[in-house]
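*Asks:* Have a look at the structure that comes next, please.
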Amino acid sequence: MKIDLHKKNYLKALLLISLASPALGLCGEVGTALKADTLRLTPFADAKTVGSLNKNDAVDILAKKGAWLQVKTKKSTGWVRLLSVKRGGVSSSNQVKGLADVASGRAGTGKVVSTTGIRGLSAEELKTAQFNETEMKKLESYTLTPKDGQKFATAGGLTTTPLAYFKGAQ
Amino acid sequence: MHKLLIGLMVSASLFSTQSVAFDFGKALEDAAKQKIEEVKSGSGAANTEQAKTPAETEATKSATESGATVVPDEKAFNWKNPSTAEEIALGREITGSILGAAPLVKDDKLQQYVNKVGRWVASQSERADLPWKFGVIESSDLNAFAAPGGYVLITKGLYQQLNNEAQLAGILGHEIAHIVQKHQLKVLQKQQLVNIGAGLITDKLSKGNKLAQKAIGSGAEISARSLDKEAEYEADRMGVVLAVRAGYDAFGLPEVLQEIGQTNKTDNSVALLFKTHPHPDERLTKLGDSAGNKLDNLKAGKTLENRFYKLTK
Ligand SMILES: [Zn+2]
């Protein structure tokens, strides 16, 4: 019994950690507010307001939980919707990459294109491209049935969730 | 906005010089810019959607009445109302041309994996019955392409930026949405009806096996063109929803947009993507505005990084 209880607590602790942990490479990074938004005490829309963000405010990203990020500004710390914050500094556009990227060796991906052997795909190339039947046949050979997709989903423990499309904001 | 743009394209091209070299793409761009300015300054019609519909109908009507109307013929491509088979034939032409510029990555396991994820996400859409096909192409660019009838390609460069299956599902979801909403097909349809109406192509030219090629020039050209922004925002919204319906974490697509957003604007690897799509920052902002609280209380979706097929660089 004792062991079970321990196990339970351990699992609970694990769960808590995984709920608010760097599931994204985001945490430990700097971010920028994409728009003005409210900072809340907990990651819920009806939670108490603890501060606010102005567009282009710099933040430190502390944690992620579901649709929310915990961020620290110069004045306060609180939770804000993930979609209100972008990674990186305001005009950094790649000059400053996050620590997580540096650590994982991902820094600089997609930046260097002049290296030999790497090919891009320009508008010009697309305009003059010729149909390639061999490659098309190959692509067609990979076609799967809905049943194949279902099997793959089941294997990964994926279950469907009903959700209606949402409309564009006014 | 989408409808509106096409309406403008149709009327703009009909009322200008009927030179064979008329640049439809440019006309579309100019019309779009003008319209955006109008909307911004508030001088546009109050209800643009309704205001444009009659004009559009008128233009289409005159296009088909001006002499070169397609005579009922089994072999003629029905541009007014293409069948699913015709849509697929068109998509095959476009996709085959893209493959001519950038072949599939020679990795069966990768291609099979992407088809499994894509097939499952597409099954959550309103067009689950299409013969969906997915492929990763040899290009260091960050980009993905959709063509009518269920063809989706993603570049190796973009694939290598991904960390888990939910992110792949989100990217594929965006492309699947373009196909479900027939975004590219509608652009091609309108253009063809104008071309036929203006006598730029005759019904004879639009017939036969080479129908798609004749109609669209080099098939892949459409993929280098931009849709209107609203179509892109719609594809983002639908892509997120499709991934959620499939059981994935909702933030796969936003995470990828976050990542791409950090790429320098002048970097060649995003030149085409940034030319054809709004900047990722804008896309994230729009997505956030339209999602509101709708993603707050979802059951936890999966990211499945463990089974994500990793591609060595
Ligand atoms: Zn798109």
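The chains in the structure tokens are called A, B, ... from first to last as shown; in each chain the residues are counted from 1, and the ligands are counted from 1 in the order shown.
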Set the cut-off to 12 Å, count only C-alpha atoms and all ligand atoms, and list whatever residues fall near ligand 1 as a ChimeraX atom specification.

*Replies:* /B:143-147,152-154,170-179,181-184,223-239,253,257,272-280,283

*Asks:* Which parts of range 75-238 of chain B does DSSP call helix (DSSP H, G or I) when run on the backbone here, written out as a PyMOL selection string?

*Replies:* chain B and resi 84-101+108-122+156-159+165-180+183-197+211-216+219-224+229-238

*Asks:* So that I can see what lies close to range 142-144 of chain A, please list as number ranges by chain the residues with an atom at most 9 Å from it, counting only C-alpha atoms and leaving out residues fewer than 2 positions away in the same chain.

*Replies:* A: 138-140, 146-149; B: 108, 111-112, 115-116, 119, 131-135

*Asks:* Using only all heavy atoms, please write the residues we just selected to a file, as a compact mmCIF listing (two decimals), in the first residue's frame.

*Replies:*
```
# COMPACT_ATOMS: atom_id res chain seq x y z
N LYS A 138 5.78 7.75 -58.59
CA LYS A 138 6.32 7.40 -57.28
C LYS A 138 5.43 7.99 -56.18
O LYS A 138 5.07 7.30 -55.22
CB LYS A 138 7.73 7.97 -57.18
CG LYS A 138 8.69 7.03 -56.43
CD LYS A 138 9.91 7.69 -56.11
CE LYS A 138 11.25 7.55 -56.41
NZ LYS A 138 12.18 8.56 -56.19
N LEU A 139 5.08 9.24 -56.35
CA LEU A 139 4.21 9.90 -55.36
C LEU A 139 2.89 9.12 -55.23
O LEU A 139 2.42 8.87 -54.13
CB LEU A 139 3.93 11.35 -55.76
CG LEU A 139 3.01 12.13 -54.83
CD1 LEU A 139 3.74 12.49 -53.53
CD2 LEU A 139 2.49 13.40 -55.49
N GLU A 140 2.34 8.73 -56.38
CA GLU A 140 1.06 8.02 -56.38
C GLU A 140 1.17 6.66 -55.69
O GLU A 140 0.21 6.18 -55.11
CB GLU A 140 0.54 7.88 -57.82
CG GLU A 140 0.00 9.20 -58.35
CD GLU A 140 -0.28 9.20 -59.85
OE1 GLU A 140 0.35 8.40 -60.59
OE2 GLU A 140 -1.10 10.02 -60.29
N PRO A 146 -8.23 5.47 -46.23
CA PRO A 146 -8.63 6.00 -44.93
C PRO A 146 -8.38 4.99 -43.81
O PRO A 146 -8.02 5.34 -42.69
CB PRO A 146 -10.14 6.24 -45.11
CG PRO A 146 -10.30 6.48 -46.57
CD PRO A 146 -9.29 5.61 -47.25
N LYS A 147 -8.54 3.70 -44.13
CA LYS A 147 -8.32 2.64 -43.16
C LYS A 147 -6.87 2.64 -42.67
O LYS A 147 -6.60 2.46 -41.49
CB LYS A 147 -8.64 1.28 -43.80
CG LYS A 147 -9.58 0.44 -42.97
CD LYS A 147 -9.83 -0.88 -43.69
CE LYS A 147 -10.77 -1.76 -42.89
NZ LYS A 147 -11.11 -2.98 -43.64
N ASP A 148 -5.94 2.81 -43.62
CA ASP A 148 -4.51 2.89 -43.25
C ASP A 148 -4.28 4.01 -42.24
O ASP A 148 -3.55 3.86 -41.27
CB ASP A 148 -3.64 3.17 -44.48
CG ASP A 148 -3.69 2.05 -45.52
OD1 ASP A 148 -3.80 0.88 -45.12
OD2 ASP A 148 -3.63 2.37 -46.72
N GLY A 149 -4.94 5.14 -42.50
CA GLY A 149 -4.79 6.29 -41.62
C GLY A 149 -5.34 5.99 -40.24
O GLY A 149 -4.72 6.33 -39.22
N ASP B 108 11.87 6.00 -48.64
CA ASP B 108 10.53 5.41 -48.61
C ASP B 108 9.86 5.57 -47.25
O ASP B 108 8.67 5.87 -47.16
CB ASP B 108 10.59 3.92 -48.97
CG ASP B 108 10.69 3.71 -50.48
OD1 ASP B 108 10.34 4.65 -51.22
OD2 ASP B 108 11.12 2.63 -50.90
N GLN B 111 8.51 9.07 -46.76
CA GLN B 111 7.32 9.32 -47.59
C GLN B 111 6.11 8.57 -47.04
O GLN B 111 5.00 9.11 -47.02
CB GLN B 111 7.59 8.93 -49.05
CG GLN B 111 8.81 9.59 -49.68
CD GLN B 111 8.70 11.11 -49.84
OE1 GLN B 111 7.67 11.71 -49.52
NE2 GLN B 111 9.76 11.74 -50.31
N GLN B 112 6.32 7.34 -46.60
CA GLN B 112 5.21 6.56 -46.04
C GLN B 112 4.69 7.20 -44.75
O GLN B 112 3.48 7.29 -44.53
CB GLN B 112 5.67 5.12 -45.76
CG GLN B 112 5.81 4.29 -47.04
CD GLN B 112 6.75 3.10 -46.88
OE1 GLN B 112 7.28 2.86 -45.80
NE2 GLN B 112 6.94 2.35 -47.96
N ASN B 115 2.66 10.26 -45.47
CA ASN B 115 1.35 9.87 -46.01
C ASN B 115 0.41 9.38 -44.92
O ASN B 115 -0.80 9.60 -44.99
CB ASN B 115 1.51 8.83 -47.12
CG ASN B 115 1.72 9.49 -48.47
OD1 ASN B 115 0.76 9.89 -49.12
ND2 ASN B 115 2.98 9.64 -48.86
N LYS B 116 0.96 8.70 -43.91
CA LYS B 116 0.11 8.22 -42.81
C LYS B 116 -0.45 9.39 -42.02
O LYS B 116 -1.66 9.46 -41.75
CB LYS B 116 0.92 7.31 -41.88
CG LYS B 116 1.15 5.91 -42.47
CD LYS B 116 2.09 5.11 -41.57
CE LYS B 116 2.45 3.79 -42.22
NZ LYS B 116 3.56 3.13 -41.50
N ARG B 119 -2.86 11.43 -44.37
CA ARG B 119 -4.10 10.71 -44.65
C ARG B 119 -5.06 10.82 -43.45
O ARG B 119 -6.25 11.04 -43.59
CB ARG B 119 -3.77 9.26 -44.98
CG ARG B 119 -4.93 8.31 -45.24
CD ARG B 119 -5.78 8.72 -46.43
NE ARG B 119 -7.04 9.26 -45.97
CZ ARG B 119 -8.09 9.51 -46.77
NH1 ARG B 119 -7.99 9.29 -48.07
NH2 ARG B 119 -9.20 9.98 -46.28
N PRO B 131 -8.40 11.07 -53.05
CA PRO B 131 -7.24 10.17 -52.96
C PRO B 131 -5.99 10.94 -52.52
O PRO B 131 -5.07 11.15 -53.30
CB PRO B 131 -7.10 9.64 -54.40
CG PRO B 131 -7.65 10.74 -55.25
CD PRO B 131 -8.73 11.42 -54.45
N TRP B 132 -5.95 11.36 -51.30
CA TRP B 132 -4.90 12.23 -50.78
C TRP B 132 -3.50 11.65 -50.97
O TRP B 132 -3.27 10.47 -50.74
CB TRP B 132 -5.13 12.52 -49.30
CG TRP B 132 -6.37 13.32 -49.06
CD1 TRP B 132 -7.63 12.83 -48.82
CD2 TRP B 132 -6.49 14.75 -49.07
NE1 TRP B 132 -8.53 13.88 -48.67
CE2 TRP B 132 -7.86 15.07 -48.82
CE3 TRP B 132 -5.59 15.80 -49.27
CZ2 TRP B 132 -8.34 16.37 -48.75
CZ3 TRP B 132 -6.07 17.11 -49.19
CH2 TRP B 132 -7.42 17.38 -48.95
N LYS B 133 -2.58 12.51 -51.38
CA LYS B 133 -1.18 12.12 -51.61
C LYS B 133 -0.26 13.16 -51.00
O LYS B 133 -0.46 14.35 -51.17
CB LYS B 133 -0.90 12.03 -53.11
CG LYS B 133 -1.62 10.89 -53.78
CD LYS B 133 -1.70 11.10 -55.27
CE LYS B 133 -2.42 9.95 -55.95
NZ LYS B 133 -3.81 9.77 -55.48
N PHE B 134 0.75 12.68 -50.31
CA PHE B 134 1.68 13.59 -49.63
C PHE B 134 3.11 13.23 -50.00
O PHE B 134 3.43 12.06 -50.19
CB PHE B 134 1.48 13.50 -48.11
CG PHE B 134 0.07 13.82 -47.68
CD1 PHE B 134 -0.92 12.84 -47.68
CD2 PHE B 134 -0.28 15.11 -47.33
CE1 PHE B 134 -2.22 13.14 -47.31
CE2 PHE B 134 -1.59 15.42 -46.96
CZ PHE B 134 -2.56 14.42 -46.95
N GLY B 135 3.96 14.23 -50.09
CA GLY B 135 5.35 13.94 -50.43
C GLY B 135 6.31 14.99 -49.86
O GLY B 135 5.94 16.15 -49.68
```

*Asks:* In Å, rounded to a single decimal, give me how far CA of Leu168 in chain B is from CA of Leu90 in chain B.

*Replies:* 25.4 Å

*Asks:* In Å, how far is it from CA of Gly51 in chain A to CA of Glu29 in chain A?

*Replies:*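 Computing it gives 20.2 Å between the two atoms.
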
*Asks:* May I ask you to extract the residues of chain A within 7 Å of chain B, using only C-alpha atoms, and to give them as a ChimeraX atom specification?

*Replies:* /A:34,67,83-84,86-88,93-94,110-111,113,118-123,125-133,135-136,139-140,142-144,146,149-150,152-153,158-163,165-169

*Asks:* May I ask for the distance between CA of Ala76 in chain B and CA of Gln189 in chain B, given in Å to one decimal place?

*Replies:*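 So the answer is 13.7 Å.
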
*Asks:* Excluding Gly31 in chain A and residues on its chain fewer than 3 positions from it, collect all residues at most 9 Å away from it, counting only C-alpha atoms, and give them as a ChimeraX atom specification.

*Replies:* /A:26,57-61,71,85-90

*Asks:* Calculated over only C-alpha atoms, which of the candidates A:Gly78, A:Gly156, A:Ala33, A:Lys151 has the smallest distance to Ala47 in chain A?

*Replies:*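 Comparing A:Gly78, A:Gly156, A:Ala33, A:Lys151 against Ala47 in chain A, the winner is A:Gly78.
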